[in-house]
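K.L.:
Take a look at the following structure, please.
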Amino acid sequence: MTAGETTAREKGSTSIGSHQMRWSAYGPEGAETVLLLHGIYAGAHDYEWRRLIPELAGEFRLRVPDLLGAGASDRPDRSYDAAVVTDVVRALIADVGDDAHVVASSLTGAHALRAVAQGQSVASLTLITPTGLGRPREGHRGRPVVAVAYEALRRTPVGDAFVWALTSGPSVSWFQRHMTYQDPDVLDQDELEATRDAGRAAGAKHLQLAFVFDQLSIDLRPADVAAVRPHVIWADGQGFTEGEEASAWVRAGADVHHLPSGLPQVEEPARVAELVRRFSSS
């Protein structure tokens, strides 16, 4: 495979309990492995990595999964909480092997950090604008009204309507153009359609509603960040992160690199690929 190609060389799945998380592999067999873990948001799935894959597939063996509840993976009718997501991330890392370089986005990055801090081995860990060191969020899950609202929407057609609204063209367009991308022209019709289709797939609402109702957030311990010492690619152009968060990662001992974009794996894939190469060889 040469740089620029995006045809999967292998398809497979990782088991978690009775469910399967499906993945695609790109790049030459025998090369160093990079695991790309997408974030969690409305319509999230492996499409997030579409522009980074061709930048790395010429020299790395890439494994690109969909998390449980998203994309082509099983999307069971179940409640999701933070412990489930950490277990999902841990299973995906363990299945690819201890010598893999792990790149994880946003909220998933926080769960990857926790999994590694709890003993899961990796060759290196790169987090792209991770959550977990901002204002405390984990306590929100204890609020009965939030839990009741989550379960009510998850089990009724109101929840389906809510997710359909979140993944509608106008909703996705507004959020991506005003909150995610530094360059709003990055958004195209293909992304709108891919987000809509993934978000509205049967069973996909359960993970998305858990995210919206803050059932998945975790508060990381600075001591765990110091122990793992992850590489962090921080997107300065993203509209929904708190300015102090990047500084919190620095104070905790992470190796932080700033990029001006909002979603660098889409807006600056060549620069992200350059950093992944550097981190994998350090």
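Here, A, B, ... name the chains of the structure tokens in the order displayed, residue numbers run from 1 inside each chain, and ligands are numbered from 1 in the same displayed order.
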If you count only C-alpha atoms, which residues fall within 8 Å of Met21 (chain A), apart from same-chain ones fewer than 4 positions away, as a list in words?
P.N.:
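Non-adjacent residues within range: Ser13, Thr14, Ser15, Ile16, Pro65, Asp66, Leu67, Leu68, Ala72, Ser73 and Asp74 of chain A.
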K.L.:
Let me see the file: selected residues, N, CA and C atoms, as a compact mmCIF listing (two decimals), in the first residue's frame.
P.N.:
# COMPACT_ATOMS: atom_id res chain seq x y z
N SER A 13 -12.55 -8.51 14.08
CA SER A 13 -13.36 -8.02 15.20
C SER A 13 -12.69 -8.38 16.51
N THR A 14 -13.00 -7.61 17.52
CA THR A 14 -12.52 -7.81 18.89
C THR A 14 -13.73 -8.09 19.76
N SER A 15 -13.66 -9.14 20.55
CA SER A 15 -14.79 -9.52 21.40
C SER A 15 -14.76 -8.75 22.71
N ILE A 16 -15.95 -8.39 23.16
CA ILE A 16 -16.12 -7.89 24.52
C ILE A 16 -17.43 -8.50 25.04
N PRO A 65 -10.82 0.56 14.63
CA PRO A 65 -12.10 -0.04 15.03
C PRO A 65 -13.21 0.99 15.21
N ASP A 66 -14.41 0.47 15.27
CA ASP A 66 -15.55 1.21 15.80
C ASP A 66 -15.76 0.75 17.24
N LEU A 67 -15.97 1.69 18.14
CA LEU A 67 -16.26 1.34 19.53
C LEU A 67 -17.57 0.58 19.62
N LEU A 68 -17.74 -0.18 20.69
CA LEU A 68 -19.02 -0.82 20.94
C LEU A 68 -20.12 0.24 20.95
N ALA A 72 -19.88 0.09 12.60
CA ALA A 72 -20.15 -1.28 12.18
C ALA A 72 -20.08 -2.28 13.32
N SER A 73 -19.70 -1.84 14.51
CA SER A 73 -19.65 -2.74 15.66
C SER A 73 -21.05 -3.04 16.17
N ASP A 74 -21.16 -4.05 17.02
CA ASP A 74 -22.45 -4.34 17.63
C ASP A 74 -22.94 -3.11 18.40
K.L.:
With DSSP run on the backbone, what are the strand (DSSP E or B) residues within region 98-188 of chain A? I'd like them as a PyMOL selection string.
P.N.:
chain A and resi 101-105+124-128
K.L.:
Take the selection from the previous step and output its residues with C-alpha atoms, as a JSON list (two decimals), in the first residue's frame.
P.N.:
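Saved as part-v9.json:
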[["chain", "number", "residue", "atom", "x", "y", "z"],
["A", 101, "HIS", "CA", 1.13, 2.70, 19.44],
["A", 102, "VAL", "CA", -2.31, 3.93, 20.52],
["A", 103, "VAL", "CA", -3.83, 7.18, 19.25],
["A", 104, "ALA", "CA", -7.13, 8.11, 20.90],
["A", 105, "SER", "CA", -9.38, 11.11, 20.41],
["A", 124, "SER", "CA", 3.16, 4.71, 23.25],
["A", 125, "LEU", "CA", -0.01, 6.66, 23.94],
["A", 126, "THR", "CA", -1.04, 9.75, 21.97],
["A", 127, "LEU", "CA", -4.18, 11.65, 22.93],
["A", 128, "ILE", "CA", -5.82, 14.21, 20.66]]
K.L.:
Identify, on the basis of only C-alpha atoms, every residue whose closest approach to Glu242 (chain A) does not exceed 12 Å; exclude the query and any residue fewer than 2 positions from it along the same chain; express the result as a PDB file with C-alpha atoms, in the first residue's frame.
P.N.:
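Done, and the output landed in out27.pdb:
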ATOM      1  CA  THR A 129      -7.463  17.023  22.673  1.00  0.00           C
ATOM      2  CA  PRO A 130      -8.386  14.648  25.510  1.00  0.00           C
ATOM      3  CA  THR A 131     -10.919  15.361  28.222  1.00  0.00           C
ATOM      4  CA  GLY A 132     -10.502  14.407  31.870  1.00  0.00           C
ATOM      5  CA  LEU A 133      -8.486  17.243  33.423  1.00  0.00           C
ATOM      6  CA  GLY A 134     -10.976  20.078  33.086  1.00  0.00           C
ATOM      7  CA  ARG A 135     -13.771  20.914  35.469  1.00  0.00           C
ATOM      8  CA  TRP A 234      -3.936  19.833  21.612  1.00  0.00           C
ATOM      9  CA  ALA A 235      -6.270  21.532  19.110  1.00  0.00           C
ATOM     10  CA  ASP A 236      -6.273  25.227  19.943  1.00  0.00           C
ATOM     11  CA  GLY A 237      -8.995  25.956  17.376  1.00  0.00           C
ATOM     12  CA  GLN A 238     -11.689  23.788  18.945  1.00  0.00           C
ATOM     13  CA  GLY A 239     -14.609  25.791  20.289  1.00  0.00           C
ATOM     14  CA  PHE A 240     -15.826  23.630  23.171  1.00  0.00           C
ATOM     15  CA  GLU A 244      -7.031  25.893  31.030  1.00  0.00           C
ATOM     16  CA  GLU A 245      -7.285  22.217  30.108  1.00  0.00           C
ATOM     17  CA  ALA A 246      -4.139  22.095  27.982  1.00  0.00           C
ATOM     18  CA  SER A 247      -2.166  23.719  30.805  1.00  0.00           C
ATOM     19  CA  ALA A 248      -3.533  21.092  33.213  1.00  0.00           C
TER      20      ALA A 248
END
K.L.:
With a cut-off of 9 Å, could you pull out the residues of region 203-252 of chain A touching region 38-62 of chain A and give me the nearest pair of atoms for each, distance in Å to one decimal, using only C-alpha atoms, ordered by chain and ascending number, as a Markdown table?
P.N.:
| residue | atom | partner | partner_atom | distance |
| --- | --- | --- | --- | --- |
| A:Ala204 | CA | A:Gly43 | CA | 8.2 |
| A:Lys205 | CA | A:Ala42 | CA | 8.7 |
| A:Leu207 | CA | A:Ile40 | CA | 8.2 |
| A:Gln208 | CA | A:Ala42 | CA | 5.7 |
| A:Leu209 | CA | A:Ala42 | CA | 8.5 |
| A:Phe211 | CA | A:Tyr41 | CA | 6.6 |
| A:Val212 | CA | A:Tyr41 | CA | 7.8 |
K.L.:
Quick check for you: according to DSSP on this backbone, which residues of region 32-194 of chain A are classed as helix (DSSP H, G or I)? Reply as a PyMOL selection string.
P.N.:
chain A and resi 46-49+53-56+82-96+106-117+138-142+144-155+157-166+169-180+184-186+189-194
K.L.:
Quick one: of A:Arg229, A:Arg9, A:Arg63, A:Arg278, who's nearest to Arg22 (chain A), counting only C-alpha atoms?
P.N.:
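Once distances to Arg22 (chain A) are computed over only C-alpha atoms, the minimum belongs to A:Arg63.
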K.L.:
For Val116 (chain A), list every protein, DNA or RNA residue within 9 Å, evaluated using only C-alpha atoms, and leave out those in the same chain fewer than 4 positions away; present the list as a compact mmCIF listing (two decimals) with C-alpha atoms, in the first residue's frame.
P.N.:
# COMPACT_ATOMS: atom_id res chain seq x y z
CA ARG A 90 -8.98 -1.73 27.25
CA HIS A 111 -10.50 6.34 28.90
CA ALA A 112 -7.35 5.13 27.14
CA GLN A 120 -2.77 -2.02 30.16
CA SER A 121 0.54 -1.99 28.26
CA VAL A 122 1.16 0.07 25.11
CA LEU A 125 -0.01 6.66 23.94
CA ASP A 224 -1.97 8.80 36.61
CA VAL A 228 1.80 7.31 31.93
K.L.:
Could you state the separation of CA of Pro264 (chain A) and CA of Thr7 (chain A) in Å, given to one decimal place?
P.N.:
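Distance reported for this atom pair: 22.0 Å.
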K.L.:
Using only C-alpha atoms for the distances, tell me which of A:Ala161, A:Leu113, A:Ala100, A:Ala83 is nearest to Thr33 (chain A).
P.N.:
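Among the listed residues, A:Ala100 lies closest to Thr33 (chain A).
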K.L.:
Report as a PyMOL selection string all protein, DNA and RNA residues lying within 10 Å of Ala149 (chain A), evaluated on only C-alpha atoms, omitting residues in the same chain fewer than 5 positions from it.
P.N.:
chain A and resi 144+154+159+209+213
K.L.:
Would you output that residue set with C-alpha atoms, as an mmCIF file, in the first residue's frame?
P.N.:
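Writing the result to part.cif gives the following:
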data_model
loop_
_atom_site.group_PDB
_atom_site.id
_atom_site.type_symbol
_atom_site.label_atom_id
_atom_site.label_comp_id
_atom_site.auth_asym_id
_atom_site.auth_seq_id
_atom_site.Cartn_x
_atom_site.Cartn_y
_atom_site.Cartn_z
ATOM 1 C CA PRO A 144 -30.991 10.904 39.788
ATOM 2 C CA ARG A 154 -33.044 5.450 25.682
ATOM 3 C CA GLY A 159 -34.801 9.263 22.334
ATOM 4 C CA LEU A 209 -27.511 9.422 24.583
ATOM 5 C CA PHE A 213 -26.375 12.929 29.326
#
